[in-house]
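Asker: Submitted below is the structure of interest, expressed as structure tokens.
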Amino acid sequence: MFNDPKVDETITLQGKSYQFIQVPGAQGIVYAELGKKAKVYRVVRGSKAYALKVFKPAYRTPQLLKNTAHILAQQEVPGLSVAERTIITPEKFPNVIQVHPEFTYAILMPWIEGKSWANYVISKTATTRNESIRLAKAFAQAICELEKRNIAHCDLSGGNFIFSTAFNDVEFVDIEELYGPDFPRPDILPAGTSGYSPDWVKEKGLWGANADRFAAGILICEILAWQFDDIRVATSGGDAFFAEGELGHASTRYKLLEKRLAEIHPELAVLFRTVWRGKDASECPRISEWKTALDQVASTSSEPNWGWESLDLPPEIDQAGNTNQERSRTAGQDSDIPIKRPFQEESGTKHESEDIVVTANEWPASGKSRKDLLIRIFSIFALVGTILFLLILVFGNFIDQISRIFREQSGLLLGYMVTNSILGLLVGSVHAWIFRNNIRASHVWLFISAAFLGGAIGGVITGFLTNLGYVTTSYMAGAIIGSIGGSLSSLGQNLFMRSQGQQIKWFLFSLLSWFVIWIIGTTISWTNQTVPGMAGTAALIILLSGVALSVFLHAYPEVEF
């Protein structure tokens with residue numbers, strides 16, 4: 001299958017020579033890692049190490065070239081250093097292919113020193129509480145870096161990421177199936193890796209911006225709970241905690257992991273249950289939700305250890321340069337074990353630069369700065385408010401006649417109900433459009449209906465109390481409509497939220513924003529009871545709702561329904 005190069009043999013690519021080296025302490029055996037799809041050689045040029053990933057015959061296809069240009073453009077993204085790569089094609093490197101035909105479509109990339117999570121699972125190597133928490137946070141942060149750019153690895157597993165000895169920096173490998181907004185769709189969709197891919201992914205494949213949600217959630221839970229002895233003892237015996245076909249089904253391991261996560265933090269158990277029961281990527285929590293929950297988990301802080309260990313080789317190496325179980329690091333998977341320029345000490349911990357993460361589906365467009373997107377949100381509300389203002393002016397006389405009929409029949413009750421239900425409907429509709437990628441399609445009308453009913457009930461109660469003489473000022477009217485409408489609206493919408501923390505944030509935001517905005521709007525309408533006054537009040541309520549939502553999303557971009 002592979003005709004290994006000799007130790008100290010070189011190949012020349014683009015005028016640069018790369019030398020094959022031997023396994024430390026194993027005379028004459030070339031340094032190589034064997035995985036499911038490829039064999040990865042460690043080569044050096046000067047003092048810098050590289051990985052030469054040579055694919056098995058079945059995987060040596062031009063398909064590897066399909067995403068190359070797009071992957072190359074991602075090499076500055078934290079966690080994707082192996083995106084810096086050169087592919088050996090017959091057209092570009094005929095001399096290399098002539099000597100080593102098996103190098104056809106091989107990939108040269110940086111080699112990254114570090115540890116593989118698959119090794120920890122296979123060997124049941126213990127971690128401390130702090131190590132588990134630091135690694136889970138680093139892993140979630142690295143995925144967030146991808147998620148906020150609408151990028152997904154699409155085959156996350158314990159063997160497809162490497163971490164530093166300090167457990168606080170992560171790099172991804174095996175990125176040939178990477179998803180990005182402009183990437184061409186692969187002929188065969190990735191189906192994930194056993195232990196991290198549920199049946200519904202294996203059956204259909206998954207390639208999209210949210211493709212990492214399930215596997216990442218399982219990995220985060222696995223890493224966090226690895227500090228417990230009973231978790232390590234209960235592992236499936238392979239390179240993942242869960243066995244093939246176990247994901248999504250009730251099992252002893254599931255119950256044990258859920259219990260241990262709840263001990264670390266209750267929110268983690270909630271997120272884990274949601275992942276486990278998900279039947280589609282959109283039903284799984286976004287990585288930013290995991291990151292928010294992890295931020296609430298305390299660990300003892302320590303100074304980063306930037307010392308790097310060489311790769312630990314198994315004690316037995318055969319004469320072909322392979323190791324036990326085709327290298328425990330790859331654990332039956334194809335892992336670019338090597339990775340980038342060793343995690344750069346001079347740049348510090350590079351994944352902690354942003355406190356707020358804008359994730360894949362939070363905004364209506366990608367490639368825009370947060371400021372531009374917030375301006376867009378505000379502009380939408382301004383446009384709706386302007387249209388509403390003009391419509392009320394045009395149909396002012398008709399609206400005034402309807403209002404008189406309502407007052408004659410029910411005092412202020414019907415008028416308040418209709419007016420505020422319409423405003424609630426408009427606010428809910430624009431919210432639903434802003435959150436259209438965050439709300440499941442089946443929930444959109446329920447989301448809007450909650451705002452509609454909140455406004456209607458707030459108006460009915462306020463109108464009833466006004467008729468009885470209990471409400472005598474505009475401040476009281478606005479406060480009652482806003483507090484009731486905002487509370488009921490958010491309570492209805494919170495039924496679709498997976499995270500209790502997000503529910504509390506959305507409830508407080510809705511209550512406060514409706515309360516303040518309706519006091520302002522009602523005060524204006526009471527003091528200026530004309531058609532222009534009514535039009536201005538309605539437009540102002542919509543406009544202020546846009547301002548409030550923009551401020552809220554700037555502070556809490558992770559909200560999802």
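FYI, nothing fancy with the structure tokens labels: chains A, B, ... in order, residues from 1 per chain, ligands from 1 as they appear.
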Got a sec: who's within 7 Å of Val40 in chain A, counting only C-alpha atoms, leaving out chain neighbours fewer than 3 positions off, as a list in words?

Answerer: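 Here the qualifying residues turn out to be Ala32, Glu33, Leu34, Ala51, Leu52, Lys53, Val54 and Asp336 of chain A.
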
Asker: Could you save those same residues with N, CA and C atoms as a PDB file, in the first residue's frame?

Answerer:
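For reference, again27.pdb as written:
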ATOM      1  N   ALA A  32       6.158   8.001  10.948  1.00  0.00           N
ATOM      2  CA  ALA A  32       4.870   8.034  10.250  1.00  0.00           C
ATOM      3  C   ALA A  32       3.737   7.682  11.196  1.00  0.00           C
ATOM      4  N   GLU A  33       2.581   8.225  10.914  1.00  0.00           N
ATOM      5  CA  GLU A  33       1.353   7.938  11.664  1.00  0.00           C
ATOM      6  C   GLU A  33       0.349   7.353  10.675  1.00  0.00           C
ATOM      7  N   LEU A  34      -0.234   6.215  10.975  1.00  0.00           N
ATOM      8  CA  LEU A  34      -1.163   5.578  10.056  1.00  0.00           C
ATOM      9  C   LEU A  34      -2.585   5.695  10.571  1.00  0.00           C
ATOM     10  N   ALA A  51       3.966  18.121   8.108  1.00  0.00           N
ATOM     11  CA  ALA A  51       3.272  16.846   7.953  1.00  0.00           C
ATOM     12  C   ALA A  51       3.018  16.609   6.476  1.00  0.00           C
ATOM     13  N   LEU A  52       3.333  15.427   6.010  1.00  0.00           N
ATOM     14  CA  LEU A  52       2.996  15.031   4.649  1.00  0.00           C
ATOM     15  C   LEU A  52       1.932  13.945   4.758  1.00  0.00           C
ATOM     16  N   LYS A  53       0.712  14.291   4.418  1.00  0.00           N
ATOM     17  CA  LYS A  53      -0.418  13.381   4.548  1.00  0.00           C
ATOM     18  C   LYS A  53      -0.617  12.649   3.224  1.00  0.00           C
ATOM     19  N   VAL A  54      -0.303  11.372   3.220  1.00  0.00           N
ATOM     20  CA  VAL A  54      -0.375  10.560   2.003  1.00  0.00           C
ATOM     21  C   VAL A  54      -1.604   9.654   2.103  1.00  0.00           C
ATOM     22  N   ASP A 336      -4.587  14.254  10.990  1.00  0.00           N
ATOM     23  CA  ASP A 336      -3.404  14.977  10.561  1.00  0.00           C
ATOM     24  C   ASP A 336      -2.540  15.201  11.778  1.00  0.00           C
TER      25      ASP A 336
END

Asker: Excluding range 267-276 of chain A and its own-chain neighbours fewer than 6 positions away, which residues fall within 12 Å of it when counting only C-alpha atoms? Please give them as a PyMOL selection string.

Answerer: chain A and resi 136+196-200+212-222+224-225+242+246-251+254-261+282-297+497-502

Asker: Neighbouring residues of Ala138 in chain A were defined as those with any atom within 10 Å, considering only C-alpha atoms; residues of the same chain fewer than 5 positions away were excluded. Please report them as number ranges by chain.

Answerer: A: 132-133, 143-144, 163-164, 167-171, 220, 291, 349, 351-352

Asker: Restricting the calculation to only C-alpha atoms: of A:Thr466, A:Ala432, A:Ile11, A:Asp187, which residue gets closest to Ile97 in chain A?

Answerer: A:Ile11

Asker: Mind checking which residues fall within 9 Å of Ser429 in chain A, counting only C-alpha atoms, ignoring those fewer than 6 positions away in the same chain, and posting them as a ChimeraX atom specification?

Answerer: /A:444-445,447-449,451
